[in-house]
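I have placed the structure first, in the form of structure tokens, so that the comments after it can refer back to it.
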4 protein chains.
Amino acid sequence: MIIVLKPDHKEEDRRQLVETLRALGLAVHESRGVQRTLVGAIGDEAVLRDLPLESMPGVERVIPILKPYKLVSREFHPADSEVEVGGVAFGPGPVQIIAGPCSIEDRQLLLETAHAIREAGATCLRGGAYKPRTSPYAFQGLGEKGLELLAEAREATGLPVVTELMDPRDTVLVARYADVVQIGARNMQNFRLLKEVGNLTKPILIKRGMSATITEWLMSAEYVAAQGNQRILLCERGIRTFETATRSTLDLSAVPVLKSQTHLPVLVDPSHAAGSWELVEPLSRAAVAAGADGLMIEVHARPEAALCDGNQSLKPERFARLVEAVATVCGAVGRELGGGDR
Amino acid sequence: MIIVLKPDHKEEDRRQLVETLRALGLAVHESRGVQRTLVGAIGDEAVLRDLPLESMPGVERVIPILKPYKLVSREFHPADSEVEVGGVAFGPGPVQIIAGPCSIEDRQLLLETAHAIREAGATCLRGGAYKPRTSPYAFQGLGEKGLELLAEAREATGLPVVTELMDPRDTVLVARYADVVQIGARNMQNFRLLKEVGNLTKPILIKRGMSATITEWLMSAEYVAAQGNQRILLCERGIRTFETATRSTLDLSAVPVLKSQTHLPVLVDPSHAAGSWELVEPLSRAAVAAGADGLMIEVHARPEAALCDGNQSLKPERFARLVEAVATVCGAVGRELGGGDR
Amino acid sequence: MIIVLKPDHKEEDRRQLVETLRALGLAVHESRGVQRTLVGAIGDEAVLRDLPLESMPGVERVIPILKPYKLVSREFHPADSEVEVGGVAFGPGPVQIIAGPCSIEDRQLLLETAHAIREAGATCLRGGAYKPRTSPYAFQGLGEKGLELLAEAREATGLPVVTELMDPRDTVLVARYADVVQIGARNMQNFRLLKEVGNLTKPILIKRGMSATITEWLMSAEYVAAQGNQRILLCERGIRTFETATRSTLDLSAVPVLKSQTHLPVLVDPSHAAGSWELVEPLSRAAVAAGADGLMIEVHARPEAALCDGNQSLKPERFARLVEAVATVCGAVGRELGGGDR
Amino acid sequence: MIIVLKPDHKEEDRRQLVETLRALGLAVHESRGVQRTLVGAIGDEAVLRDLPLESMPGVERVIPILKPYKLVSREFHPADSEVEVGGVAFGPGPVQIIAGPCSIEDRQLLLETAHAIREAGATCLRGGAYKPRTSPYAFQGLGEKGLELLAEAREATGLPVVTELMDPRDTVLVARYADVVQIGARNMQNFRLLKEVGNLTKPILIKRGMSATITEWLMSAEYVAAQGNQRILLCERGIRTFETATRSTLDLSAVPVLKSQTHLPVLVDPSHAAGSWELVEPLSRAAVAAGADGLMIEVHARPEAALCDGNQSLKPERFARLVEAVATVCGAVGRELGGGDR
């Protein structure tokens, strides 16, 4: 950590700062330039992060040098991680596609959708039993009944299932049914929930928060890893910007940035970002071309009757075309699509 | 709701749309212009919000006309609401100042701070027992022990206390100690938590999410109100933008905008927005000048030793000066500061 | 245009509004719902845009129905436009790559770079003679001398050249040398400059402003088209968001959105968006996979000596690898790379 | 400047870097920590800013220590600057109000407005003769005719006038009529225009760009100052964010931040930020309470007939009330309103 002193700092302030740092067990290294004096603190930066050094007299600015996360960093674990889910491996191997309805609404529709996406080439089924809805008057999900239907669809198709957990009180219940437990964008900094899923042995898919920097997102992954669960998938789903032509702005630069910072598999959800089904296929192709290890796509057997996010859901036949298009792009970037041996 | 049809829509699509709307019990009103045909649906817009009308063939765009919230709207309840907390009234009357440390860390420091802020003119004490921290390695709060200390500080000073609830499992516990239950920015769209506090009888302070629009914020308040608890305080604390000179960008325009949209009291927290104590006083003055009904300010007896957000905490003596400055601005905008009779 | 009246509007206000609209030659269509009365104005929306209808008494909100641009819209001109530049066609045919240094600095380096990019497969050469630099103390470009060197590089390689115009006073000069005149991001709403280049017969490449919505960007293109020059290329280069891991956030969703809204060719500049050369190749692949008609890439024979944006410039050998990777992705999305017949 | 080396950098890379720095005449200071080696370059940072150090092998990150601006910094010039305009002093003394129509449209209306604002307490008149409009089909201003009318209004009222310059070719013309030359938000990084006005002797008012950081804004002021013109006024007018309830998000934190970074007077334009006249008064009060040295307010004798921004223009009688309200807030923050001796 580098501490920049104000040009007019008092000698006493500098001495006080250096003593504080030494008392914390840090080595101190000073450098006096023409316009500024810098104080470098060498040692465990973690002990400094909580300290309000910027409020100390004479201090102009504090500059951290190290990343605030460790377990999820590529520096700590250079090789790509592989996260295995019911026979499906997310990571440096094949690109996997998770697909299914936004919310589970009806047994028949879910089974129909599940069979259709499996047929088309998806290797995991998604579906929400608990739905975070902006309005209290909107459909909130079927709850446990939805989880049961999801399990039935897994039985019927053999596809592992991904579903969202919103409340720490539902952790055991959701984990009983889910193969992957999803933390939604709105809960990316629900730290109590992150700690809960950190105690599970199931893989955790963490969506990026709408206003989360990549570093904050990795810190949320670190919360899970620090509890002992390192089976983590990251899923970019768009950030909030001033642009209103799309629901969110899909940040595909995050894919190669994450690849350099972390060993965790990186997925992209173009459906929520776009908010409109017409954009899903081009953005899916782009995500894979940027290096994504997987996709998460909303598919609904009858989007016009969907109780949630129907505007961005693909019909099964369009999804089948998307999978073909994505498979071709996979080939162009030296990868293959998962589920090819089916 | 207005549905704009594509210029090349099929007659069949239009007919299908109109039938769908009528089947939902809505009156339909069509208007054919030179370049676009519009279909107006008159009736309860709520039944339409969940419907993916934009994915229907021939539809270009769907424009809602009504606000999505009701109970918290000024249209529904034209007069300003007053929320009473342990003898302190938030609302159209005096401007109230909530102050205290970011986190409760130490009995002695808390009591010292509580006495100092009371002396200076604050009418409520804040302090976090559960802290949402970006890093899993940072101080996470004292938990129930912190709540006990907060209650002791209330005893000692007579100030009602505000503290954050992060986990639905702590609802009963937190509500036992708190006079106002705070929902933090990161939990503004933690809908399960909102429902929980909607069942309490205590007032709820909802901080604005970092990437929440004013409408989304009011929808979160509507979640609480829809459960039956209408004792709600809103607190602006800055939104996330590209500017890095401050931690967040305090959106003071939100104050008059909220005043026109809702009857709920509006507070401002300049400490978290600024991230630096030097900015807190000018922003406090500005907030009151913009029409805020209250302030929430971080004060710490020894900021340089704070375990959380020390950079933005004021020392008691600076806080006392802030209160004086704010009192003068209150006078200039025709209001007075709470606690004047002490 | 739909005008929503306030629930408590006066009958007199409504009458006044209707008369104002009729006096402007518009047909008026009223619709009274339970909670709101709507007034629809049918006819030329352009006459209404400048009118401050929202400040009229009784008016709650004004909702435009039509897009504010015309000549550049796909509705007006359904087929993809092709813009031909010195034998290179931008549009629905082959994907073209523009490459070269950020700024022209040295004759030898420019010629070396130009030959190298041509060899690798680029079909246009870029290079700035006038540079918009944040700091007045930074290198500002060689001016006319740079234009001469650019022309020499065109002679030597046969590649048409793209260069930026920053000042209306340089229009004739720049147009004498350039094959494509570039309007930079910072000048996207320099309307006087847009009018100037609207009077040229040369193609104009308009970069997206850092905080421009897609609609505003198309309005800037409309400025050029309205003057008579419809040979326009659009180039996405990232928008400003809260994320700091990249210099800007490349908005690849803009590619398919533009494709649906306009007939103009769409290019992507991943170099400026990323700010770091490591990200340029994955983002180039993604841009083409999303449907871009071309790329604009910074290449410098010696990035470590570049006077401008060296961090994001590729060396020729890495650029050659990028072109190969992009060619493969082109194939995967059913397109080919330009210059194949060389 | 601090250069952080990658954990796996080669010894050769470090040596190369140190040599490069020394060759530039900088002193070099190295510090080896457990996890990172830092190289500090002491001397003139300006020589380093243009160098692409981040693209050098072995370099992880480059951290500038000094601010990139000098002449406009408070460090360089600790006392508040005062900028005098036709007898009106902007700076640490009285708070000045600039008012007038968005665009000059009609002689009678302008004169009427000018007299009314003078009567109410404004000390400068604003009015646009050249208007930057998003649409090429919108009213673009009266040009020189507008400047003549503005001069006539100055004659009639004695108020100095502020008007926008959009094109370097109009510099002499605009400067002949204007007392203050305004650089609009869209031209804040039109560096050629900044250089032009840097050669004038008239004061320059620089509005903040919609996506400009405070540092970038100060760099634009530095452009003007570096040419020799240090009579500069800064005017905050809102930044672009995701919030759509207001046209832009007024960043009032910028006021105290600027006060600490620069000696230049700071004004606030709440009209353009808000986009709605109802918000102008509370935001004006807040701006002054935050420490602004002046306000810029849109006033129109007949907003409902305005050709530009009528929605956000105040009628003269409402403006008069605003001035009274602002005067009271000035008093509360220990300042007075300009023009008091009239």
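For the structure tokens, the naming scheme is as follows: chains receive sequential letters (A, B, ...) according to their order of presentation, residues are indexed from 1 within each chain, and ligands are indexed from 1 in presentation order.
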For chain C, work out the contacting residues on chain B at 6 Å, counting only C-alpha atoms, and write them as a list of chain:residue names.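 Every residue of chain B that passes the 6 Å test is in B:Gly33, B:Ile42, B:Thr241, B:Phe242.
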For Lys67 of chain B, please output as a compact mmCIF listing (two decimals) with C-alpha atoms, in the first residue's frame all residues within 10 Å (counting only C-alpha atoms; exclusion window: fewer than 3 positions along the same chain).
```
# COMPACT_ATOMS: atom_id res chain seq x y z
CA GLU B 45 -52.79 -1.95 -15.97
CA ALA B 46 -51.53 -4.39 -13.37
CA PRO B 64 -47.32 1.99 -19.63
CA LYS B 70 -49.92 2.80 -5.53
CA SER B 73 -47.81 7.36 -4.23
CA GLU B 75 -51.72 10.40 -5.96
CA THR B 215 -39.31 4.26 -9.50
CA MET B 219 -41.53 -0.19 -5.74
CA GLN B 261 -44.25 11.34 -6.32
```
From a DSSP pass on the backbone, collect the residues of segment 52-230 of chain A flagged as helix (DSSP H, G or I) and hand them back as an NGL selection string. :A and (53-55 or 107-120 or 144-157 or 168-177 or 185-187 or 191-198 or 214-226)
Near-segment 324-336 of chain C list (7 Å; only C-alpha atoms; drop same-chain fewer than 5 positions) as a JSON list (two decimals) with N, CA, C and O atoms, in the first residue's frame:
```json
[["chain", "number", "residue", "atom", "x", "y", "z"],
["A", 328, "THR", "N", -21.20, -23.37, -34.37],
["A", 328, "THR", "CA", -20.28, -22.98, -35.45],
["A", 328, "THR", "C", -19.25, -21.99, -34.93],
["A", 328, "THR", "O", -18.07, -22.07, -35.25],
["A", 329, "VAL", "N", -19.70, -21.02, -34.10],
["A", 329, "VAL", "CA", -18.75, -20.05, -33.54],
["A", 329, "VAL", "C", -17.78, -20.76, -32.58],
["A", 329, "VAL", "O", -16.59, -20.46, -32.56],
["A", 332, "ALA", "N", -15.07, -22.03, -34.50],
["A", 332, "ALA", "CA", -14.17, -20.97, -35.00],
["A", 332, "ALA", "C", -13.20, -20.48, -33.94],
["A", 332, "ALA", "O", -12.17, -19.90, -34.26],
["C", 94, "PRO", "N", -18.37, -8.32, -47.54],
["C", 94, "PRO", "CA", -17.27, -8.74, -46.67],
["C", 94, "PRO", "C", -17.05, -7.81, -45.48],
["C", 94, "PRO", "O", -17.36, -6.63, -45.54],
["C", 95, "VAL", "N", -16.53, -8.40, -44.42],
["C", 95, "VAL", "CA", -16.15, -7.64, -43.22],
["C", 95, "VAL", "C", -14.80, -6.98, -43.50],
["C", 95, "VAL", "O", -13.85, -7.65, -43.90],
["C", 284, "SER", "N", -12.56, -8.32, -30.77],
["C", 284, "SER", "CA", -12.72, -8.27, -32.23],
["C", 284, "SER", "C", -13.53, -9.47, -32.72],
["C", 284, "SER", "O", -14.43, -9.33, -33.55],
["C", 285, "ARG", "N", -13.18, -10.63, -32.18],
["C", 285, "ARG", "CA", -13.95, -11.84, -32.55],
["C", 285, "ARG", "C", -15.42, -11.66, -32.18],
["C", 285, "ARG", "O", -16.32, -11.97, -32.94],
["C", 288, "VAL", "N", -17.44, -9.25, -34.52],
["C", 288, "VAL", "CA", -17.83, -9.86, -35.79],
["C", 288, "VAL", "C", -18.94, -10.89, -35.56],
["C", 288, "VAL", "O", -19.90, -10.98, -36.32],
["C", 289, "ALA", "N", -18.82, -11.64, -34.47],
["C", 289, "ALA", "CA", -19.86, -12.63, -34.16],
["C", 289, "ALA", "C", -21.19, -11.95, -33.88],
["C", 289, "ALA", "O", -22.26, -12.51, -34.13]]
```
Please measure the separation of atom CA of Leu295 of chain C and atom CA of Gly184 of chain C, giving the value in Å to one decimal.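 Distance between the two atoms: 15.3 Å.
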Near segment 178-181 of chain C, counting only C-alpha atoms, which residues have an atom at most 6 Å away, once you skip same-chain residues fewer than 6 positions from it, shown as a ChimeraX atom specification? /C:160-164,203-204
Correct to one decimal, the distance atom CA of Leu111 of chain C-atom CA of Glu278 of chain C is 24.2 Å
